[in-house]
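K.L.:
Just passing along the structure, written as structure tokens.
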Amino acid sequence: MCLADKELTQNPSHFEESDEVVAHRDLAWEDYRDLIKGMRFFDPHIHMVSRTTDDYEAMRDAGIVALIEPAFWVGQPRTGLSTFKDYYSSLVGWERFRSSQFGIKHYCTIGLNSREANNEPLAEQVMEILPLYLYKEGVVGVGEIGFDDQTPAEEKYYRLQLELAKKAKLPVQLHTPHRDKKRGTERSMAIALEHGLDPSWVIVDHNNEETVKSVLDQGFWAAFTIYPFTKMSNERMVKLVEKYGPDQIMINSAADWGISDPLAIPKTAALMKMRGIADETIRLVTYQNAIDAFAKSGQIDVSDFENGLTVDQNQKFHGNTILRGGQQPRVGKDYLLIQ
Ligand SMILES: [Zn+2]
């Protein structure tokens with residue numbers, strides 16, 4: 001294991017520990033973007049607060065018209081309740097505005113992440129403020145919640161948040177653990193069922209070949225994160241879709257502050273197209289299924305984004321703009337989809 005690998009393992013974002021060598025095929029994007037001409041994509045898991053304006057531009061240019069940003073941890077433990085508040089406020093405030101300035105509709109899920117559930121005194125306080133955010137406009141689920149190390153504290157706050165989701169009539173976005181994944185995934189689903197959740201309201205994330213069959217058989221949504229350099233590469237995702245078909249399956253980038261790829265969905269779509277997978281199958285796993293799953297929240301109106309958002313960079317959020325001195329605001333739909 002090289003030093004870089006070691007650091008990733010000790011401080012993972014969404015990276016899996018891989019015990020197998022997977023040849024990563026990094027698509028030369030320019031060579032493949034023609035294949036997805038006119039397609040539109042919905043990324044149901046991406047942490048935009050960690051991404052740049054270049055990422056927003058590239059995503060929009062590649063046909064990503066809408067996204068969901070789950071509440072997650074920030075790479076180091078938070079030290080107090082106010083940083084949770086500010087983070088949740090940014091997901092429904094500034095980040096949503098920033099996304100709109102690049103023509104991408106922004107939704108979010110709100111929750112206490114599994115890692116920080118282990119700081120019980122703080123977790124207790126966070127539980128008290130979650131309802132203040134769960135009912136806000138554009139919040140399409142409780143997430144991402146579930147297990148990390150599979151500790152008793154994680155289980156306690158997972159169960160409490162399942163109850164919050166039921167009460168708020170919101171879907172659940174489930175983070176499955178990177179270590180001991182199979183057991184953690186089964187346990188997460190069993191607990192959700194025990195709390196009386198309808199599996200069609202639960203999106204089980206970060207699946208792999210070992211977990212997918214059981215997730216689908218039990219009627220849950222199976223989400224797959226396309227990670228560069230780790231287990232779930234674009235190639236393997238294509239094979240999974242060939243094997244299981246598009247029903248209940250969606251893909252996401254889970255791009256965050258770690259090494260990740262905000263264009264994972266359009267790149268995988270291009271690869272599927274190359275492999276002769278039907279356009280309708282591609283549309284379901286890269287767009288429609290995610291919409292169907294999270295629209296149960298009552299918060300998604302596809303007419304808001306299906307024909308593109310009108311961008312007006314003259315707009316401001318609490319007096320603040322994404323523009324810097326002398327920059328010309330973009331207005332209109334002129335950079336919608338790849339032409
Ligand atoms: Zn995430």
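Identifiers in this document derive from the order of the structure tokens: chains are assigned A, B, ..., residues are numbered from 1 separately in each chain, and ligands are numbered from 1 in order of occurrence.
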At a cut-off of 9 Å and counting only C-alpha atoms and all ligand atoms, what residues surround ligand 1? Please answer as a compact mmCIF listing (two decimals) with all heavy atoms, in the first residue's frame.

P.N.:
# COMPACT_ATOMS: atom_id res chain seq x y z
N SER A 13 -13.40 9.48 2.28
CA SER A 13 -14.63 10.23 2.06
C SER A 13 -15.70 9.19 1.78
O SER A 13 -16.35 8.70 2.68
CB SER A 13 -14.46 11.22 0.91
OG SER A 13 -13.93 10.60 -0.22
N HIS A 14 -15.87 8.84 0.53
CA HIS A 14 -16.77 7.74 0.24
C HIS A 14 -15.99 6.57 -0.33
O HIS A 14 -16.53 5.72 -0.99
CB HIS A 14 -17.82 8.17 -0.77
CG HIS A 14 -18.92 8.97 -0.16
ND1 HIS A 14 -19.63 8.53 0.90
CD2 HIS A 14 -19.42 10.17 -0.46
CE1 HIS A 14 -20.53 9.42 1.23
NE2 HIS A 14 -20.42 10.45 0.42
N HIS A 45 -26.65 12.15 -5.78
CA HIS A 45 -25.74 12.15 -4.63
C HIS A 45 -24.44 12.85 -5.01
O HIS A 45 -23.57 12.25 -5.64
CB HIS A 45 -25.46 10.70 -4.20
CG HIS A 45 -24.73 10.58 -2.90
ND1 HIS A 45 -24.89 9.51 -2.04
CD2 HIS A 45 -23.81 11.38 -2.31
CE1 HIS A 45 -24.12 9.68 -0.98
NE2 HIS A 45 -23.44 10.81 -1.12
N ILE A 46 -24.33 14.10 -4.62
CA ILE A 46 -23.08 14.83 -4.88
C ILE A 46 -22.97 15.99 -3.88
O ILE A 46 -23.97 16.64 -3.57
CB ILE A 46 -23.01 15.33 -6.34
CG1 ILE A 46 -21.68 16.03 -6.63
CG2 ILE A 46 -24.21 16.22 -6.72
CD1 ILE A 46 -21.35 16.18 -8.10
N HIS A 47 -21.76 16.18 -3.36
CA HIS A 47 -21.55 17.19 -2.30
C HIS A 47 -20.95 18.46 -2.90
O HIS A 47 -19.73 18.65 -2.92
CB HIS A 47 -20.66 16.59 -1.21
CG HIS A 47 -21.25 15.36 -0.60
ND1 HIS A 47 -22.29 15.41 0.29
CD2 HIS A 47 -21.00 14.05 -0.80
CE1 HIS A 47 -22.64 14.18 0.64
NE2 HIS A 47 -21.87 13.34 -0.02
N GLU A 69 -27.96 16.99 -3.02
CA GLU A 69 -26.79 17.10 -2.15
C GLU A 69 -27.16 16.58 -0.76
O GLU A 69 -27.86 17.24 0.00
CB GLU A 69 -26.34 18.56 -2.07
CG GLU A 69 -25.20 18.78 -1.08
CD GLU A 69 -24.28 19.94 -1.45
OE1 GLU A 69 -24.63 20.73 -2.36
OE2 GLU A 69 -23.21 20.04 -0.84
N PRO A 70 -26.68 15.38 -0.40
CA PRO A 70 -26.99 14.86 0.94
C PRO A 70 -26.12 15.54 1.99
O PRO A 70 -24.98 15.89 1.73
CB PRO A 70 -26.63 13.37 0.85
CG PRO A 70 -26.23 13.11 -0.56
CD PRO A 70 -25.88 14.42 -1.19
N ALA A 71 -26.68 15.70 3.19
CA ALA A 71 -25.87 16.20 4.30
C ALA A 71 -24.89 15.10 4.69
O ALA A 71 -25.24 13.93 4.81
CB ALA A 71 -26.78 16.54 5.48
N PHE A 72 -23.66 15.51 4.90
CA PHE A 72 -22.58 14.54 5.13
C PHE A 72 -21.63 15.12 6.15
O PHE A 72 -21.87 16.19 6.69
CB PHE A 72 -21.88 14.30 3.77
CG PHE A 72 -20.84 13.21 3.74
CD1 PHE A 72 -21.09 11.97 4.31
CD2 PHE A 72 -19.62 13.42 3.11
CE1 PHE A 72 -20.12 10.97 4.26
CE2 PHE A 72 -18.66 12.41 3.04
CZ PHE A 72 -18.91 11.20 3.62
N TRP A 73 -20.56 14.43 6.44
CA TRP A 73 -19.57 15.01 7.35
C TRP A 73 -18.56 15.80 6.52
O TRP A 73 -18.51 15.67 5.30
CB TRP A 73 -18.94 13.94 8.23
CG TRP A 73 -17.83 13.13 7.65
CD1 TRP A 73 -17.89 12.39 6.50
CD2 TRP A 73 -16.52 12.98 8.18
NE1 TRP A 73 -16.69 11.77 6.30
CE2 TRP A 73 -15.83 12.12 7.32
CE3 TRP A 73 -15.87 13.48 9.31
CZ2 TRP A 73 -14.51 11.75 7.54
CZ3 TRP A 73 -14.56 13.11 9.52
CH2 TRP A 73 -13.90 12.26 8.64
N GLY A 143 -31.18 12.15 4.90
CA GLY A 143 -29.95 11.49 4.43
C GLY A 143 -28.73 12.34 4.63
O GLY A 143 -28.85 13.50 4.99
N GLU A 144 -27.53 11.80 4.36
CA GLU A 144 -27.38 10.39 4.25
C GLU A 144 -27.16 9.82 5.63
O GLU A 144 -26.34 10.32 6.40
CB GLU A 144 -26.24 10.02 3.28
CG GLU A 144 -24.92 10.73 3.58
CD GLU A 144 -23.87 10.47 2.51
OE1 GLU A 144 -23.43 9.32 2.39
OE2 GLU A 144 -23.51 11.41 1.81
N HIS A 175 -26.71 5.53 3.63
CA HIS A 175 -25.27 5.35 3.41
C HIS A 175 -24.90 3.99 3.96
O HIS A 175 -25.07 3.72 5.15
CB HIS A 175 -24.52 6.46 4.15
CG HIS A 175 -23.04 6.25 4.24
ND1 HIS A 175 -22.16 6.79 3.33
CD2 HIS A 175 -22.29 5.56 5.13
CE1 HIS A 175 -20.93 6.43 3.66
NE2 HIS A 175 -20.97 5.69 4.74
N ASP A 205 -27.62 3.19 -0.77
CA ASP A 205 -26.53 3.73 -1.58
C ASP A 205 -25.23 2.93 -1.44
O ASP A 205 -25.09 2.13 -0.53
CB ASP A 205 -26.28 5.19 -1.19
CG ASP A 205 -25.85 6.01 -2.39
OD1 ASP A 205 -25.29 5.43 -3.35
OD2 ASP A 205 -26.10 7.22 -2.39
N SER A 253 -22.47 10.07 -8.44
CA SER A 253 -21.02 10.31 -8.38
C SER A 253 -20.51 10.33 -6.94
O SER A 253 -19.34 10.03 -6.70
CB SER A 253 -20.69 11.65 -9.04
OG SER A 253 -21.19 12.73 -8.27
N ALA A 254 -21.38 10.71 -5.99
CA ALA A 254 -20.95 10.94 -4.60
C ALA A 254 -19.68 11.79 -4.55
O ALA A 254 -18.88 11.67 -3.62
CB ALA A 254 -20.78 9.64 -3.82
N ALA A 255 -19.50 12.64 -5.53
CA ALA A 255 -18.31 13.50 -5.53
C ALA A 255 -18.33 14.39 -4.29
O ALA A 255 -19.38 14.90 -3.90
CB ALA A 255 -18.27 14.34 -6.80
N ASP A 256 -17.18 14.52 -3.66
CA ASP A 256 -17.10 15.30 -2.42
C ASP A 256 -15.74 15.98 -2.37
O ASP A 256 -15.17 16.32 -3.40
CB ASP A 256 -17.38 14.40 -1.20
CG ASP A 256 -16.41 13.23 -1.08
OD1 ASP A 256 -15.37 13.22 -1.77
OD2 ASP A 256 -16.68 12.31 -0.28

K.L.:
Taking only C-alpha atoms into account, produce a table as a Markdown table in which each residue of range 17-80 of chain A with an atom at most 9 Å from an atom of range 305-326 of chain A appears once, together with its shortest atom pair and the distance in Å to one decimal, ordered by chain and rising number.

P.N.:
| residue | atom | partner | partner_atom | distance |
| --- | --- | --- | --- | --- |
| A:Arg40 | CA | A:Glu306 | CA | 7.9 |
| A:Val65 | CA | A:Phe305 | CA | 6.1 |
| A:Ala66 | CA | A:Phe305 | CA | 6.7 |

K.L.:
Taking 5 positions as the minimum chain separation for residues in the same chain, which residues sit within 12 Å of range 27-38 of chain A when counting only C-alpha atoms? Answer as a PyMOL selection string.

P.N.:
chain A and resi 58-59+61-65+228+233-235+261+263-276+279+282-283+286+306-308+335-339

K.L.:
Pick the closest to Gln299 in chain A from A:Thr109, A:Gln218, A:Asn208, A:Thr151: which is it, counting only C-alpha atoms?

P.N.:
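Once distances to Gln299 in chain A are computed over only C-alpha atoms, the minimum belongs to A:Thr109.
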
K.L.:
Which residue out of A:Asn207, A:Asn118, A:Gln161, A:Asn289 has the minimum interatomic distance to Leu134 in chain A when only C-alpha atoms are used?

P.N.:
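Result for the nearest residue to Leu134 in chain A: A:Gln161.
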
K.L.:
May I ask which of the residues A:Val212, A:Gly245, A:Asp292, A:Lys167 is the closest one to Glu280 in chain A, counting only C-alpha atoms?

P.N.:
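Of all the options, A:Gly245 lies closest to Glu280 in chain A.
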
K.L.:
When distances are computed from only C-alpha atoms, which of A:Ser260, A:Asn119, A:Asn252, A:Ser297 shows the smallest separation from Val202 in chain A?

P.N.:
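Smallest separation from Val202 in chain A among the options: A:Ser297.
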
K.L.:
Interatomic distance between CA of Gly219 in chain A and CA of Leu67 in chain A?

P.N.:
23.5 Å

K.L.:
Range 103-186 of chain A: which residues are strand (DSSP E or B) by DSSP, as JSON, numbers by chain?

P.N.:
{"A": [105, 106, 107, 108, 109, 110, 139, 140, 141, 142, 143, 144, 145, 146, 172, 173, 174, 175]}

K.L.:
To one decimal in Å, tell me the separation between CA of Val139 in chain A and CA of Tyr107 in chain A.

P.N.:
6.0 Å

K.L.:
Quick one: of A:Ala153, A:Asp247, A:Asp148, A:Leu164, who's nearest to Arg179 in chain A, counting only C-alpha atoms?

P.N.:
A:Asp148

K.L.:
Can you pull out every residue from range 113-292 of chain A that DSSP, working from the backbone, puts in alpha helix (DSSP H), and format the result as number ranges by chain?

P.N.:
A: 120-134, 152-168, 181-194, 212-217, 234-244, 264-274, 279-283, 289-292

K.L.:
I'd like the contact shell of Ser89 in chain A - 12 Å cut-off, only C-alpha atoms, skipping same-chain residues fewer than 2 positions apart - returned as a PyMOL selection string.

P.N.:
chain A and resi 49+71+82-87+91-97+108-110+129-130+132-134+136-137+139

K.L.:
One decimal, Å: what's the distance from CA of Val215 in chain A over to CA of Ile291 in chain A, could you say?

P.N.:
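Answer for the CA of Val215 in chain A to CA of Ile291 in chain A separation: 18.7 Å.
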
K.L.:
Excluding same-chain residues fewer than 6 positions from Met250 in chain A, what lies within 7 Å of it counting only C-alpha atoms, as JSON, numbers by chain?

P.N.:
{"A": [222, 223, 224, 285, 286, 289, 290]}

K.L.:
Could you turn the residues from that selection into a file that holds all heavy atoms, as a PDB file, in the first residue's frame?

P.N.:
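Here's the written file selection12.pdb:
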ATOM      1  N   ALA A 222     -31.655   0.542  -5.448  1.00  0.00           N
ATOM      2  CA  ALA A 222     -30.213   0.278  -5.338  1.00  0.00           C
ATOM      3  C   ALA A 222     -29.445   1.369  -6.061  1.00  0.00           C
ATOM      4  O   ALA A 222     -29.527   1.489  -7.285  1.00  0.00           O
ATOM      5  CB  ALA A 222     -29.879  -1.087  -5.934  1.00  0.00           C
ATOM      6  N   ALA A 223     -28.723   2.186  -5.287  1.00  0.00           N
ATOM      7  CA  ALA A 223     -27.902   3.238  -5.884  1.00  0.00           C
ATOM      8  C   ALA A 223     -26.445   2.786  -5.916  1.00  0.00           C
ATOM      9  O   ALA A 223     -25.992   2.065  -5.024  1.00  0.00           O
ATOM     10  CB  ALA A 223     -28.041   4.530  -5.090  1.00  0.00           C
ATOM     11  N   PHE A 224     -25.760   3.184  -6.964  1.00  0.00           N
ATOM     12  CA  PHE A 224     -24.344   2.827  -7.132  1.00  0.00           C
ATOM     13  C   PHE A 224     -23.522   4.089  -7.292  1.00  0.00           C
ATOM     14  O   PHE A 224     -23.866   4.971  -8.079  1.00  0.00           O
ATOM     15  CB  PHE A 224     -24.156   1.961  -8.375  1.00  0.00           C
ATOM     16  CG  PHE A 224     -24.739   0.593  -8.235  1.00  0.00           C
ATOM     17  CD1 PHE A 224     -26.071   0.363  -8.532  1.00  0.00           C
ATOM     18  CD2 PHE A 224     -23.970  -0.461  -7.782  1.00  0.00           C
ATOM     19  CE1 PHE A 224     -26.631  -0.887  -8.388  1.00  0.00           C
ATOM     20  CE2 PHE A 224     -24.513  -1.723  -7.625  1.00  0.00           C
ATOM     21  CZ  PHE A 224     -25.852  -1.941  -7.931  1.00  0.00           C
ATOM     22  N   VAL A 285     -31.494   4.706 -15.503  1.00  0.00           N
ATOM     23  CA  VAL A 285     -30.497   4.609 -14.418  1.00  0.00           C
ATOM     24  C   VAL A 285     -29.720   5.903 -14.194  1.00  0.00           C
ATOM     25  O   VAL A 285     -29.083   6.072 -13.156  1.00  0.00           O
ATOM     26  CB  VAL A 285     -29.514   3.418 -14.611  1.00  0.00           C
ATOM     27  CG1 VAL A 285     -30.280   2.101 -14.695  1.00  0.00           C
ATOM     28  CG2 VAL A 285     -28.618   3.601 -15.821  1.00  0.00           C
ATOM     29  N   THR A 286     -29.758   6.813 -15.153  1.00  0.00           N
ATOM     30  CA  THR A 286     -29.000   8.062 -14.987  1.00  0.00           C
ATOM     31  C   THR A 286     -29.901   9.282 -14.767  1.00  0.00           C
ATOM     32  O   THR A 286     -29.396  10.389 -14.572  1.00  0.00           O
ATOM     33  CB  THR A 286     -28.124   8.364 -16.222  1.00  0.00           C
ATOM     34  OG1 THR A 286     -28.976   8.528 -17.378  1.00  0.00           O
ATOM     35  CG2 THR A 286     -27.114   7.262 -16.477  1.00  0.00           C
ATOM     36  N   ASN A 289     -35.093   7.096 -12.689  1.00  0.00           N
ATOM     37  CA  ASN A 289     -35.323   6.329 -11.452  1.00  0.00           C
ATOM     38  C   ASN A 289     -35.054   7.164 -10.206  1.00  0.00           C
ATOM     39  O   ASN A 289     -35.777   7.072  -9.214  1.00  0.00           O
ATOM     40  CB  ASN A 289     -34.464   5.055 -11.436  1.00  0.00           C
ATOM     41  CG  ASN A 289     -34.970   4.006 -12.420  1.00  0.00           C
ATOM     42  OD1 ASN A 289     -36.069   4.137 -12.954  1.00  0.00           O
ATOM     43  ND2 ASN A 289     -34.167   2.981 -12.664  1.00  0.00           N
ATOM     44  N   ALA A 290     -34.018   7.977 -10.259  1.00  0.00           N
ATOM     45  CA  ALA A 290     -33.706   8.840  -9.105  1.00  0.00           C
ATOM     46  C   ALA A 290     -34.839   9.833  -8.875  1.00  0.00           C
ATOM     47  O   ALA A 290     -35.240  10.096  -7.735  1.00  0.00           O
ATOM     48  CB  ALA A 290     -32.391   9.571  -9.339  1.00  0.00           C
TER      49      ALA A 290
END

K.L.:
Just checking: using only C-alpha atoms, which residue out of A:Gly146, A:Lys239, A:Thr225, A:Ala165 ends up closest to Glu186 in chain A?

P.N.:
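Closest to Glu186 in chain A, using only C-alpha atoms: A:Gly146.
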